[in-house]
Protein chains: 2
Amino acid sequence: MKTDLDFSKLGGLITAVIQDHETGRVLMVGFMNEEAFQKTVESGFATFYSRSRNKLWLKGETSGHRLVVKEISTDCDKDALLIRVEALGPGVCHEGYQSCFFRRLNQGAWVESEERAYDPAEVYSK
Amino acid sequence: MKTDLDFSKLGGLITAVIQDHETGRVLMVGFMNEEAFQKTVESGFATFYSRSRNKLWLKGETSGHRLVVKEISTDCDKDALLIRVEALGPGVCHEGYQSCFFRRLNQGAWVESEERAYDPAEVYSK
């Protein structure tokens, strides 16, 4: 498949916004290179490029909290993706929250706005 | 205000996901530098850093389609923002669509999945 996406603006990467397909909640933002995008499309599981580890990263590889792809959209400039998913498991965030966006700006400070959905120590020590 | 965000991973920029505060629709993805973020918080209107024009960009400056900030969240790594907004005007996308994410992947091809909400030639020629 020809991806027809613009990976040039972020040095080979494209922003991927992950949204729950039922609730509409934005769960996380990751980055994909062309290979990660291809893997995502072929496998049906969201696969990112980890900038810290410099390698492909199948989300949920360790935790089991995979993201099942339901719909993929791109934007006007074809330099960002919106991926609607079914999130397996209680939470997407490696810190134990349902969404990585668990901190809200309140009077100039970031405040945790929800409880943890699972204990990350338990999940990641398995 | 001390922003306490990590602008280092994208050379001074942070990803900002813009979501309709009522419908939950993801409308666009932009980038902010620290100054754009400060302006966004102070003014209450989403302000980005334009990578193509290398300057701050008050969304809606030309079209009038401003984004009124309702809520700002950040993620676990504090390197992405989720901004829930009230979008003024019929559409956020400069190509005339309600959302920039108007193309959906269908059998390996990007297909327009909605009608235009306004005529961009009319709005941007004023």
# chains A, B, ... in the order shown; residues from 1 in each chain; ligands from 1
$ closest_atom_pairs --of "chain B" --to "chain A" --cutoff "10 Å" --atoms "only C-alpha atoms" --output "JSON lines"
{"residue": "B:Met1", "atom": "CA", "partner": "A:Gly108", "partner_atom": "CA", "distance": 6.3}
{"residue": "B:Lys2", "atom": "CA", "partner": "A:Gly108", "partner_atom": "CA", "distance": 7.8}
{"residue": "B:Thr3", "atom": "CA", "partner": "A:Gly108", "partner_atom": "CA", "distance": 7.9}
{"residue": "B:Asp4", "atom": "CA", "partner": "A:Trp110", "partner_atom": "CA", "distance": 8.5}
{"residue": "B:Leu5", "atom": "CA", "partner": "A:Trp110", "partner_atom": "CA", "distance": 9.8}
{"residue": "B:Lys9", "atom": "CA", "partner": "A:Arg51", "partner_atom": "CA", "distance": 8.8}
{"residue": "B:Leu10", "atom": "CA", "partner": "A:Leu10", "partner_atom": "CA", "distance": 7.9}
{"residue": "B:Gly11", "atom": "CA", "partner": "A:Leu10", "partner_atom": "CA", "distance": 10.0}
{"residue": "B:Thr15", "atom": "CA", "partner": "A:Thr15", "partner_atom": "CA", "distance": 8.1}
{"residue": "B:Ala16", "atom": "CA", "partner": "A:Val29", "partner_atom": "CA", "distance": 9.4}
{"residue": "B:Val17", "atom": "CA", "partner": "A:Val17", "partner_atom": "CA", "distance": 7.6}
{"residue": "B:Gln19", "atom": "CA", "partner": "A:Val26", "partner_atom": "CA", "distance": 8.6}
{"residue": "B:Thr23", "atom": "CA", "partner": "A:Gly24", "partner_atom": "CA", "distance": 8.3}
{"residue": "B:Gly24", "atom": "CA", "partner": "A:Gly24", "partner_atom": "CA", "distance": 5.5}
{"residue": "B:Arg25", "atom": "CA", "partner": "A:Gly24", "partner_atom": "CA", "distance": 7.0}
{"residue": "B:Val26", "atom": "CA", "partner": "A:Leu82", "partner_atom": "CA", "distance": 7.9}
{"residue": "B:Leu27", "atom": "CA", "partner": "A:Asp75", "partner_atom": "CA", "distance": 9.1}
{"residue": "B:Met28", "atom": "CA", "partner": "A:Asp75", "partner_atom": "CA", "distance": 7.4}
{"residue": "B:Val29", "atom": "CA", "partner": "A:Ala80", "partner_atom": "CA", "distance": 7.1}
{"residue": "B:Gly30", "atom": "CA", "partner": "A:Ala80", "partner_atom": "CA", "distance": 9.3}
{"residue": "B:Val41", "atom": "CA", "partner": "A:Gly108", "partner_atom": "CA", "distance": 8.6}
{"residue": "B:Arg51", "atom": "CA", "partner": "A:Lys9", "partner_atom": "CA", "distance": 8.8}
{"residue": "B:Ser52", "atom": "CA", "partner": "A:Lys9", "partner_atom": "CA", "distance": 9.7}
{"residue": "B:Glu71", "atom": "CA", "partner": "A:Leu105", "partner_atom": "CA", "distance": 7.3}
{"residue": "B:Ile72", "atom": "CA", "partner": "A:Leu105", "partner_atom": "CA", "distance": 5.5}
{"residue": "B:Ser73", "atom": "CA", "partner": "A:Arg104", "partner_atom": "CA", "distance": 4.2}
{"residue": "B:Thr74", "atom": "CA", "partner": "A:Phe101", "partner_atom": "CA", "distance": 5.2}
{"residue": "B:Asp75", "atom": "CA", "partner": "A:Phe101", "partner_atom": "CA", "distance": 4.2}
{"residue": "B:Cys76", "atom": "CA", "partner": "A:Cys100", "partner_atom": "CA", "distance": 5.3}
{"residue": "B:Asp77", "atom": "CA", "partner": "A:Cys100", "partner_atom": "CA", "distance": 8.4}
{"residue": "B:Lys78", "atom": "CA", "partner": "A:Phe101", "partner_atom": "CA", "distance": 9.0}
{"residue": "B:Asp79", "atom": "CA", "partner": "A:Val29", "partner_atom": "CA", "distance": 9.3}
{"residue": "B:Ala80", "atom": "CA", "partner": "A:Val29", "partner_atom": "CA", "distance": 7.1}
{"residue": "B:Leu81", "atom": "CA", "partner": "A:Phe101", "partner_atom": "CA", "distance": 7.9}
{"residue": "B:Leu82", "atom": "CA", "partner": "A:Phe101", "partner_atom": "CA", "distance": 7.1}
{"residue": "B:Ile83", "atom": "CA", "partner": "A:Arg104", "partner_atom": "CA", "distance": 9.8}
{"residue": "B:Cys93", "atom": "CA", "partner": "A:Cys76", "partner_atom": "CA", "distance": 7.4}
{"residue": "B:His94", "atom": "CA", "partner": "A:Cys76", "partner_atom": "CA", "distance": 8.3}
{"residue": "B:Glu95", "atom": "CA", "partner": "A:Cys76", "partner_atom": "CA", "distance": 7.2}
{"residue": "B:Gly96", "atom": "CA", "partner": "A:Cys76", "partner_atom": "CA", "distance": 10.0}
{"residue": "B:Tyr97", "atom": "CA", "partner": "A:Cys76", "partner_atom": "CA", "distance": 9.2}
{"residue": "B:Ser99", "atom": "CA", "partner": "A:Asp75", "partner_atom": "CA", "distance": 8.1}
{"residue": "B:Cys100", "atom": "CA", "partner": "A:Asp75", "partner_atom": "CA", "distance": 4.8}
{"residue": "B:Phe101", "atom": "CA", "partner": "A:Asp75", "partner_atom": "CA", "distance": 4.2}
{"residue": "B:Phe102", "atom": "CA", "partner": "A:Asp75", "partner_atom": "CA", "distance": 6.4}
{"residue": "B:Arg103", "atom": "CA", "partner": "A:Ser73", "partner_atom": "CA", "distance": 5.4}
{"residue": "B:Arg104", "atom": "CA", "partner": "A:Ser73", "partner_atom": "CA", "distance": 4.2}
{"residue": "B:Leu105", "atom": "CA", "partner": "A:Ile72", "partner_atom": "CA", "distance": 5.5}
{"residue": "B:Asn106", "atom": "CA", "partner": "A:Ile72", "partner_atom": "CA", "distance": 8.5}
{"residue": "B:Gln107", "atom": "CA", "partner": "A:Met1", "partner_atom": "CA", "distance": 9.5}
{"residue": "B:Gly108", "atom": "CA", "partner": "A:Met1", "partner_atom": "CA", "distance": 6.2}
{"residue": "B:Ala109", "atom": "CA", "partner": "A:Thr3", "partner_atom": "CA", "distance": 8.1}
{"residue": "B:Trp110", "atom": "CA", "partner": "A:Thr74", "partner_atom": "CA", "distance": 7.8}
{"residue": "B:Val111", "atom": "CA", "partner": "A:Ser73", "partner_atom": "CA", "distance": 9.0}
{"residue": "B:Glu112", "atom": "CA", "partner": "A:Ser73", "partner_atom": "CA", "distance": 9.4}
{"residue": "B:Ser113", "atom": "CA", "partner": "A:Ser73", "partner_atom": "CA", "distance": 9.1}
$ calpha_fit_and_write --fixed "chain A" --moving "chain B" --output "short mmCIF file (atom, residue, chain, number, x, y, z; two decimals) with N, CA and C atoms, in the first residue's frame"
data_model
loop_
_atom_site.label_atom_id
_atom_site.label_comp_id
_atom_site.auth_asym_id
_atom_site.auth_seq_id
_atom_site.Cartn_x
_atom_site.Cartn_y
_atom_site.Cartn_z
N MET B 1 0.87 -1.21 -0.01
CA MET B 1 0.04 0.00 0.00
C MET B 1 0.91 1.25 -0.01
N LYS B 2 0.58 2.18 -0.87
CA LYS B 2 1.24 3.47 -0.90
C LYS B 2 0.56 4.31 0.19
N THR B 3 1.35 4.81 1.15
CA THR B 3 0.67 5.46 2.27
C THR B 3 0.17 6.86 1.92
N ASP B 4 0.88 7.55 1.02
CA ASP B 4 0.46 8.89 0.62
C ASP B 4 0.32 9.84 1.83
N LEU B 5 1.23 9.72 2.78
CA LEU B 5 1.24 10.59 3.95
C LEU B 5 2.53 11.41 3.92
N ASP B 6 2.53 12.54 4.60
CA ASP B 6 3.70 13.41 4.61
C ASP B 6 4.52 13.19 5.89
N PHE B 7 5.55 12.37 5.77
CA PHE B 7 6.40 12.08 6.93
C PHE B 7 7.57 13.05 7.04
N SER B 8 7.61 14.04 6.16
CA SER B 8 8.82 14.88 6.07
C SER B 8 8.92 15.94 7.17
N LYS B 9 7.78 16.36 7.74
CA LYS B 9 7.81 17.51 8.63
C LYS B 9 8.41 17.22 10.00
N LEU B 10 8.34 15.95 10.42
CA LEU B 10 8.90 15.59 11.73
C LEU B 10 10.00 14.55 11.55
N GLY B 11 10.79 14.71 10.51
CA GLY B 11 11.94 13.82 10.31
C GLY B 11 11.56 12.36 10.21
N GLY B 12 10.54 12.06 9.39
CA GLY B 12 10.18 10.67 9.17
C GLY B 12 9.02 10.18 10.03
N LEU B 13 8.50 11.08 10.87
CA LEU B 13 7.41 10.68 11.76
C LEU B 13 6.14 11.48 11.47
N ILE B 14 5.04 10.93 11.93
CA ILE B 14 3.75 11.59 11.80
C ILE B 14 3.04 11.45 13.15
N THR B 15 2.30 12.46 13.53
CA THR B 15 1.56 12.42 14.80
C THR B 15 0.34 11.51 14.65
N ALA B 16 0.10 10.68 15.65
CA ALA B 16 -1.09 9.82 15.63
C ALA B 16 -1.89 10.05 16.92
N VAL B 17 -3.09 10.58 16.76
CA VAL B 17 -3.99 10.79 17.89
C VAL B 17 -4.85 9.55 18.05
N ILE B 18 -4.88 9.01 19.26
CA ILE B 18 -5.65 7.79 19.52
C ILE B 18 -6.91 8.15 20.30
N GLN B 19 -8.05 7.79 19.73
CA GLN B 19 -9.34 8.16 20.32
C GLN B 19 -10.21 6.91 20.52
N ASP B 20 -10.86 6.83 21.66
CA ASP B 20 -11.78 5.72 21.91
C ASP B 20 -12.94 5.81 20.92
N HIS B 21 -13.22 4.73 20.22
CA HIS B 21 -14.22 4.78 19.14
C HIS B 21 -15.64 4.88 19.67
N GLU B 22 -15.84 4.53 20.92
CA GLU B 22 -17.19 4.61 21.48
C GLU B 22 -17.42 5.90 22.27
N THR B 23 -16.50 6.22 23.17
CA THR B 23 -16.71 7.37 24.04
C THR B 23 -16.19 8.68 23.43
N GLY B 24 -15.29 8.58 22.44
CA GLY B 24 -14.69 9.78 21.86
C GLY B 24 -13.55 10.34 22.70
N ARG B 25 -13.23 9.69 23.81
CA ARG B 25 -12.14 10.21 24.64
C ARG B 25 -10.80 10.07 23.92
N VAL B 26 -10.00 11.12 23.97
CA VAL B 26 -8.64 11.04 23.43
C VAL B 26 -7.78 10.33 24.46
N LEU B 27 -7.16 9.24 24.05
CA LEU B 27 -6.46 8.36 24.99
C LEU B 27 -4.97 8.62 25.05
N MET B 28 -4.38 8.93 23.91
CA MET B 28 -2.94 9.20 23.87
C MET B 28 -2.58 9.81 22.53
N VAL B 29 -1.35 10.33 22.48
CA VAL B 29 -0.76 10.79 21.22
C VAL B 29 0.56 10.05 21.06
N GLY B 30 0.76 9.46 19.90
CA GLY B 30 2.02 8.79 19.62
C GLY B 30 2.55 9.22 18.27
N PHE B 31 3.68 8.64 17.89
CA PHE B 31 4.26 8.95 16.58
C PHE B 31 4.43 7.66 15.79
N MET B 32 4.26 7.75 14.50
CA MET B 32 4.47 6.61 13.61
C MET B 32 5.43 6.99 12.50
N ASN B 33 6.32 6.08 12.17
CA ASN B 33 7.03 6.24 10.90
C ASN B 33 6.25 5.42 9.86
N GLU B 34 6.75 5.38 8.65
CA GLU B 34 5.96 4.71 7.60
C GLU B 34 5.76 3.23 7.92
N GLU B 35 6.80 2.60 8.46
CA GLU B 35 6.71 1.18 8.78
C GLU B 35 5.67 0.93 9.88
N ALA B 36 5.67 1.78 10.90
CA ALA B 36 4.70 1.63 11.99
C ALA B 36 3.28 1.79 11.46
N PHE B 37 3.10 2.74 10.56
CA PHE B 37 1.78 2.94 9.97
C PHE B 37 1.34 1.69 9.18
N GLN B 38 2.26 1.17 8.38
CA GLN B 38 1.95 -0.04 7.60
C GLN B 38 1.57 -1.19 8.53
N LYS B 39 2.33 -1.36 9.59
CA LYS B 39 2.06 -2.44 10.56
C LYS B 39 0.69 -2.25 11.19
N THR B 40 0.38 -1.01 11.51
CA THR B 40 -0.91 -0.70 12.12
C THR B 40 -2.05 -1.12 11.20
N VAL B 41 -1.90 -0.77 9.94
CA VAL B 41 -2.96 -1.09 8.96
C VAL B 41 -3.04 -2.60 8.74
N GLU B 42 -1.89 -3.23 8.59
CA GLU B 42 -1.88 -4.68 8.27
C GLU B 42 -2.35 -5.53 9.45
N SER B 43 -1.88 -5.17 10.66
CA SER B 43 -2.17 -6.02 11.82
C SER B 43 -3.51 -5.67 12.48
N GLY B 44 -3.93 -4.42 12.31
CA GLY B 44 -5.15 -3.99 13.00
C GLY B 44 -4.92 -3.58 14.44
N PHE B 45 -3.64 -3.55 14.86
CA PHE B 45 -3.29 -3.08 16.21
C PHE B 45 -2.38 -1.86 16.09
N ALA B 46 -2.68 -0.82 16.85
CA ALA B 46 -1.86 0.40 16.76
C ALA B 46 -0.40 0.11 17.12
N THR B 47 0.47 0.51 16.23
CA THR B 47 1.91 0.30 16.39
C THR B 47 2.60 1.64 16.17
N PHE B 48 3.45 2.02 17.10
CA PHE B 48 4.08 3.32 17.04
C PHE B 48 5.58 3.19 16.80
N TYR B 49 6.20 4.35 16.62
CA TYR B 49 7.65 4.39 16.62
C TYR B 49 8.07 5.07 17.92
N SER B 50 8.83 4.36 18.73
CA SER B 50 9.27 4.92 19.99
C SER B 50 10.49 5.80 19.77
N ARG B 51 10.33 7.09 20.09
CA ARG B 51 11.44 8.02 19.90
C ARG B 51 12.53 7.80 20.94
N SER B 52 12.14 7.31 22.13
CA SER B 52 13.15 7.10 23.17
C SER B 52 13.93 5.81 22.92
N ARG B 53 13.25 4.79 22.41
CA ARG B 53 13.93 3.51 22.19
C ARG B 53 14.36 3.30 20.73
N ASN B 54 13.98 4.26 19.85
CA ASN B 54 14.33 4.17 18.43
C ASN B 54 13.95 2.83 17.79
N LYS B 55 12.74 2.40 18.07
CA LYS B 55 12.28 1.19 17.39
C LYS B 55 10.75 1.12 17.37
N LEU B 56 10.23 0.21 16.56
CA LEU B 56 8.79 0.03 16.51
C LEU B 56 8.29 -0.45 17.86
N TRP B 57 7.08 -0.07 18.17
CA TRP B 57 6.52 -0.35 19.48
C TRP B 57 5.05 -0.72 19.30
N LEU B 58 4.78 -2.02 19.42
CA LEU B 58 3.40 -2.49 19.39
C LEU B 58 2.78 -2.15 20.73
N LYS B 59 1.87 -1.20 20.75
CA LYS B 59 1.24 -0.76 22.00
C LYS B 59 0.54 -1.96 22.64
N GLY B 60 0.85 -2.22 23.91
CA GLY B 60 0.25 -3.35 24.61
C GLY B 60 1.08 -4.62 24.55
N GLU B 61 2.25 -4.53 23.96
CA GLU B 61 3.13 -5.69 23.83
C GLU B 61 3.42 -6.30 25.21
N THR B 62 3.71 -5.44 26.18
CA THR B 62 4.01 -5.91 27.54
C THR B 62 2.75 -6.03 28.39
N SER B 63 1.92 -5.00 28.35
CA SER B 63 0.76 -4.93 29.25
C SER B 63 -0.43 -5.74 28.78
N GLY B 64 -0.46 -6.04 27.47
CA GLY B 64 -1.65 -6.67 26.90
C GLY B 64 -2.74 -5.67 26.54
N HIS B 65 -2.50 -4.41 26.88
CA HIS B 65 -3.50 -3.37 26.60
C HIS B 65 -3.36 -2.87 25.17
N ARG B 66 -3.71 -3.74 24.23
CA ARG B 66 -3.59 -3.37 22.82
C ARG B 66 -4.71 -2.44 22.38
N LEU B 67 -4.45 -1.78 21.27
CA LEU B 67 -5.44 -0.86 20.70
C LEU B 67 -5.93 -1.44 19.37
N VAL B 68 -7.16 -1.87 19.34
CA VAL B 68 -7.74 -2.47 18.13
C VAL B 68 -8.25 -1.37 17.22
N VAL B 69 -7.69 -1.29 16.04
CA VAL B 69 -8.03 -0.20 15.12
C VAL B 69 -9.44 -0.37 14.56
N LYS B 70 -10.23 0.70 14.69
CA LYS B 70 -11.59 0.69 14.15
C LYS B 70 -11.71 1.58 12.91
N GLU B 71 -10.95 2.68 12.89
CA GLU B 71 -11.08 3.64 11.79
C GLU B 71 -9.84 4.53 11.78
N ILE B 72 -9.33 4.82 10.60
CA ILE B 72 -8.16 5.69 10.48
C ILE B 72 -8.51 6.86 9.57
N SER B 73 -8.23 8.08 10.06
CA SER B 73 -8.43 9.27 9.23
C SER B 73 -7.12 10.04 9.15
N THR B 74 -6.99 10.85 8.11
CA THR B 74 -5.84 11.78 8.06
C THR B 74 -6.37 13.18 7.83
N ASP B 75 -5.49 14.16 8.04
CA ASP B 75 -5.95 15.55 7.97
C ASP B 75 -5.63 16.18 6.62
N CYS B 76 -6.00 17.44 6.47
CA CYS B 76 -5.87 18.16 5.21
C CYS B 76 -4.45 18.11 4.65
N ASP B 77 -3.46 18.22 5.52
CA ASP B 77 -2.07 18.22 5.06
C ASP B 77 -1.47 16.81 5.02
N LYS B 78 -2.25 15.83 5.39
CA LYS B 78 -1.77 14.44 5.44
C LYS B 78 -0.49 14.29 6.26
N ASP B 79 -0.42 15.10 7.34
CA ASP B 79 0.73 14.97 8.24
C ASP B 79 0.31 14.64 9.67
N ALA B 80 -0.92 14.18 9.84
CA ALA B 80 -1.38 13.71 11.15
C ALA B 80 -2.43 12.63 10.92
N LEU B 81 -2.53 11.74 11.90
CA LEU B 81 -3.52 10.65 11.83
C LEU B 81 -4.44 10.73 13.04
N LEU B 82 -5.69 10.38 12.81
CA LEU B 82 -6.64 10.19 13.89
C LEU B 82 -7.09 8.73 13.81
N ILE B 83 -6.80 7.98 14.87
CA ILE B 83 -7.10 6.55 14.85
C ILE B 83 -8.11 6.25 15.95
N ARG B 84 -9.26 5.80 15.55
CA ARG B 84 -10.30 5.43 16.51
C ARG B 84 -10.12 3.95 16.84
N VAL B 85 -10.09 3.66 18.12
CA VAL B 85 -9.73 2.31 18.56
C VAL B 85 -10.70 1.78 19.61
N GLU B 86 -10.63 0.46 19.76
CA GLU B 86 -11.17 -0.18 20.96
C GLU B 86 -9.96 -0.48 21.82
N ALA B 87 -9.91 0.10 23.00
CA ALA B 87 -8.76 -0.11 23.88
C ALA B 87 -8.99 -1.35 24.74
N LEU B 88 -8.13 -2.35 24.59
CA LEU B 88 -8.23 -3.55 25.42
C LEU B 88 -7.60 -3.26 26.78
N GLY B 89 -8.21 -3.73 27.83
CA GLY B 89 -7.66 -3.49 29.16
C GLY B 89 -8.21 -2.23 29.78
N PRO B 90 -7.88 -2.00 31.05
CA PRO B 90 -8.48 -0.90 31.81
C PRO B 90 -7.94 0.48 31.46
N GLY B 91 -6.71 0.54 30.93
CA GLY B 91 -6.14 1.86 30.70
C GLY B 91 -5.06 1.84 29.64
N VAL B 92 -4.91 2.98 28.98
CA VAL B 92 -3.92 3.12 27.90
C VAL B 92 -2.59 3.63 28.44
N CYS B 93 -2.67 4.43 29.50
CA CYS B 93 -1.46 5.08 30.00
C CYS B 93 -0.60 4.13 30.85
N HIS B 94 0.70 4.17 30.63
CA HIS B 94 1.61 3.29 31.37
C HIS B 94 1.69 3.68 32.85
N GLU B 95 1.11 4.84 33.18
CA GLU B 95 1.07 5.24 34.60
C GLU B 95 -0.21 4.77 35.30
N GLY B 96 -1.04 4.01 34.58
CA GLY B 96 -2.19 3.40 35.24
C GLY B 96 -3.53 4.07 34.99
N TYR B 97 -3.53 5.10 34.16
CA TYR B 97 -4.78 5.82 33.91
C TYR B 97 -5.45 5.35 32.62
N GLN B 98 -6.77 5.59 32.55
CA GLN B 98 -7.50 5.22 31.34
C GLN B 98 -6.93 5.95 30.12
N SER B 99 -6.67 7.23 30.27
CA SER B 99 -6.10 8.06 29.21
C SER B 99 -4.81 8.68 29.71
N CYS B 100 -3.88 8.92 28.79
CA CYS B 100 -2.65 9.62 29.17
C CYS B 100 -2.95 11.07 29.58
N PHE B 101 -4.09 11.59 29.14
CA PHE B 101 -4.43 12.98 29.45
C PHE B 101 -5.21 13.05 30.76
N PHE B 102 -4.52 12.77 31.85
CA PHE B 102 -5.19 12.71 33.16
C PHE B 102 -4.88 13.94 34.01
N ARG B 103 -4.18 14.92 33.44
CA ARG B 103 -3.86 16.15 34.17
C ARG B 103 -4.50 17.34 33.48
N ARG B 104 -5.21 18.13 34.25
CA ARG B 104 -5.92 19.27 33.71
C ARG B 104 -5.32 20.57 34.25
N LEU B 105 -5.32 21.58 33.42
CA LEU B 105 -4.82 22.88 33.87
C LEU B 105 -5.88 23.57 34.73
N ASN B 106 -5.46 23.92 35.94
CA ASN B 106 -6.40 24.52 36.89
C ASN B 106 -5.68 25.64 37.62
N GLN B 107 -6.08 26.88 37.36
CA GLN B 107 -5.45 28.04 38.00
C GLN B 107 -3.93 28.03 37.80
N GLY B 108 -3.49 27.68 36.60
CA GLY B 108 -2.06 27.72 36.30
C GLY B 108 -1.26 26.52 36.76
N ALA B 109 -1.93 25.49 37.27
CA ALA B 109 -1.21 24.29 37.71
C ALA B 109 -1.84 23.04 37.10
N TRP B 110 -1.02 22.02 36.86
CA TRP B 110 -1.53 20.75 36.34
C TRP B 110 -2.03 19.90 37.50
N VAL B 111 -3.29 19.54 37.43
CA VAL B 111 -3.92 18.80 38.52
C VAL B 111 -4.47 17.47 38.00
N GLU B 112 -4.17 16.40 38.70
CA GLU B 112 -4.72 15.10 38.30
C GLU B 112 -6.23 15.15 38.39
N SER B 113 -6.89 14.73 37.30
CA SER B 113 -8.34 14.92 37.23
C SER B 113 -9.10 13.60 37.29
N GLU B 114 -8.40 12.51 37.56
CA GLU B 114 -9.09 11.23 37.67
C GLU B 114 -8.27 10.25 38.49
N GLU B 115 -8.91 9.15 38.86
CA GLU B 115 -8.24 8.08 39.61
C GLU B 115 -7.55 7.13 38.64
N ARG B 116 -6.56 6.43 39.15
CA ARG B 116 -5.93 5.37 38.36
C ARG B 116 -6.95 4.26 38.06
N ALA B 117 -6.81 3.65 36.86
CA ALA B 117 -7.71 2.56 36.46
C ALA B 117 -7.10 1.19 36.76
N TYR B 118 -5.77 1.16 36.92
CA TYR B 118 -5.10 -0.09 37.28
C TYR B 118 -3.76 0.25 37.93
N ASP B 119 -3.15 -0.77 38.50
CA ASP B 119 -1.86 -0.57 39.16
C ASP B 119 -0.74 -0.92 38.18
N PRO B 120 -0.01 0.08 37.70
CA PRO B 120 1.00 -0.20 36.68
C PRO B 120 2.10 -1.15 37.19
N ALA B 121 2.42 -1.09 38.46
CA ALA B 121 3.48 -1.95 39.00
C ALA B 121 3.10 -3.42 38.82
N GLU B 122 1.84 -3.71 38.98
CA GLU B 122 1.38 -5.09 38.83
C GLU B 122 1.42 -5.54 37.38
N VAL B 123 0.99 -4.67 36.48
CA VAL B 123 0.92 -5.02 35.05
C VAL B 123 2.30 -5.16 34.44
N TYR B 124 3.19 -4.21 34.76
CA TYR B 124 4.48 -4.19 34.08
C TYR B 124 5.55 -5.04 34.74
N SER B 125 5.22 -5.65 35.89
CA SER B 125 6.22 -6.51 36.52
C SER B 125 6.02 -7.98 36.14
N LYS B 126 4.93 -8.23 35.40
CA LYS B 126 4.63 -9.63 35.03
C LYS B 126 5.70 -10.21 34.12
#
$ decode --residues "stretch 73-78 of chain B" --atoms "all heavy atoms" --output "PDB file, in the first residue's frame"
ATOM      1  N   SER B  73      -5.683  19.874  28.907  1.00  0.00           N
ATOM      2  CA  SER B  73      -5.072  18.753  29.631  1.00  0.00           C
ATOM      3  C   SER B  73      -3.698  18.474  29.044  1.00  0.00           C
ATOM      4  O   SER B  73      -3.424  18.811  27.884  1.00  0.00           O
ATOM      5  CB  SER B  73      -5.914  17.482  29.490  1.00  0.00           C
ATOM      6  OG  SER B  73      -7.226  17.679  29.939  1.00  0.00           O
ATOM      7  N   THR B  74      -2.848  17.844  29.837  1.00  0.00           N
ATOM      8  CA  THR B  74      -1.568  17.364  29.285  1.00  0.00           C
ATOM      9  C   THR B  74      -1.426  15.887  29.612  1.00  0.00           C
ATOM     10  O   THR B  74      -2.164  15.348  30.437  1.00  0.00           O
ATOM     11  CB  THR B  74      -0.370  18.177  29.804  1.00  0.00           C
ATOM     12  OG1 THR B  74       0.793  17.825  29.037  1.00  0.00           O
ATOM     13  CG2 THR B  74      -0.079  17.914  31.277  1.00  0.00           C
ATOM     14  N   ASP B  75      -0.475  15.248  28.938  1.00  0.00           N
ATOM     15  CA  ASP B  75      -0.355  13.791  29.101  1.00  0.00           C
ATOM     16  C   ASP B  75       0.735  13.422  30.093  1.00  0.00           C
ATOM     17  O   ASP B  75       1.392  14.290  30.677  1.00  0.00           O
ATOM     18  CB  ASP B  75      -0.172  13.119  27.732  1.00  0.00           C
ATOM     19  CG  ASP B  75       1.172  13.412  27.103  1.00  0.00           C
ATOM     20  OD1 ASP B  75       1.896  14.311  27.606  1.00  0.00           O
ATOM     21  OD2 ASP B  75       1.509  12.758  26.107  1.00  0.00           O
ATOM     22  N   CYS B  76       0.915  12.130  30.290  1.00  0.00           N
ATOM     23  CA  CYS B  76       1.842  11.596  31.282  1.00  0.00           C
ATOM     24  C   CYS B  76       3.248  12.172  31.143  1.00  0.00           C
ATOM     25  O   CYS B  76       3.911  12.461  32.132  1.00  0.00           O
ATOM     26  CB  CYS B  76       1.881  10.075  31.203  1.00  0.00           C
ATOM     27  SG  CYS B  76       1.869   9.433  29.518  1.00  0.00           S
ATOM     28  N   ASP B  77       3.706  12.325  29.909  1.00  0.00           N
ATOM     29  CA  ASP B  77       5.060  12.830  29.683  1.00  0.00           C
ATOM     30  C   ASP B  77       5.108  14.353  29.566  1.00  0.00           C
ATOM     31  O   ASP B  77       6.183  14.917  29.341  1.00  0.00           O
ATOM     32  CB  ASP B  77       5.633  12.225  28.391  1.00  0.00           C
ATOM     33  CG  ASP B  77       5.779  10.722  28.492  1.00  0.00           C
ATOM     34  OD1 ASP B  77       5.984  10.223  29.613  1.00  0.00           O
ATOM     35  OD2 ASP B  77       5.695  10.042  27.451  1.00  0.00           O
ATOM     36  N   LYS B  78       3.969  14.986  29.677  1.00  0.00           N
ATOM     37  CA  LYS B  78       3.877  16.443  29.531  1.00  0.00           C
ATOM     38  C   LYS B  78       4.505  16.943  28.228  1.00  0.00           C
ATOM     39  O   LYS B  78       5.147  17.997  28.179  1.00  0.00           O
ATOM     40  CB  LYS B  78       4.498  17.156  30.739  1.00  0.00           C
ATOM     41  CG  LYS B  78       3.669  16.951  32.014  1.00  0.00           C
ATOM     42  CD  LYS B  78       4.174  17.793  33.166  1.00  0.00           C
ATOM     43  CE  LYS B  78       3.287  17.595  34.402  1.00  0.00           C
ATOM     44  NZ  LYS B  78       3.911  18.114  35.621  1.00  0.00           N
TER      45      LYS B  78
END
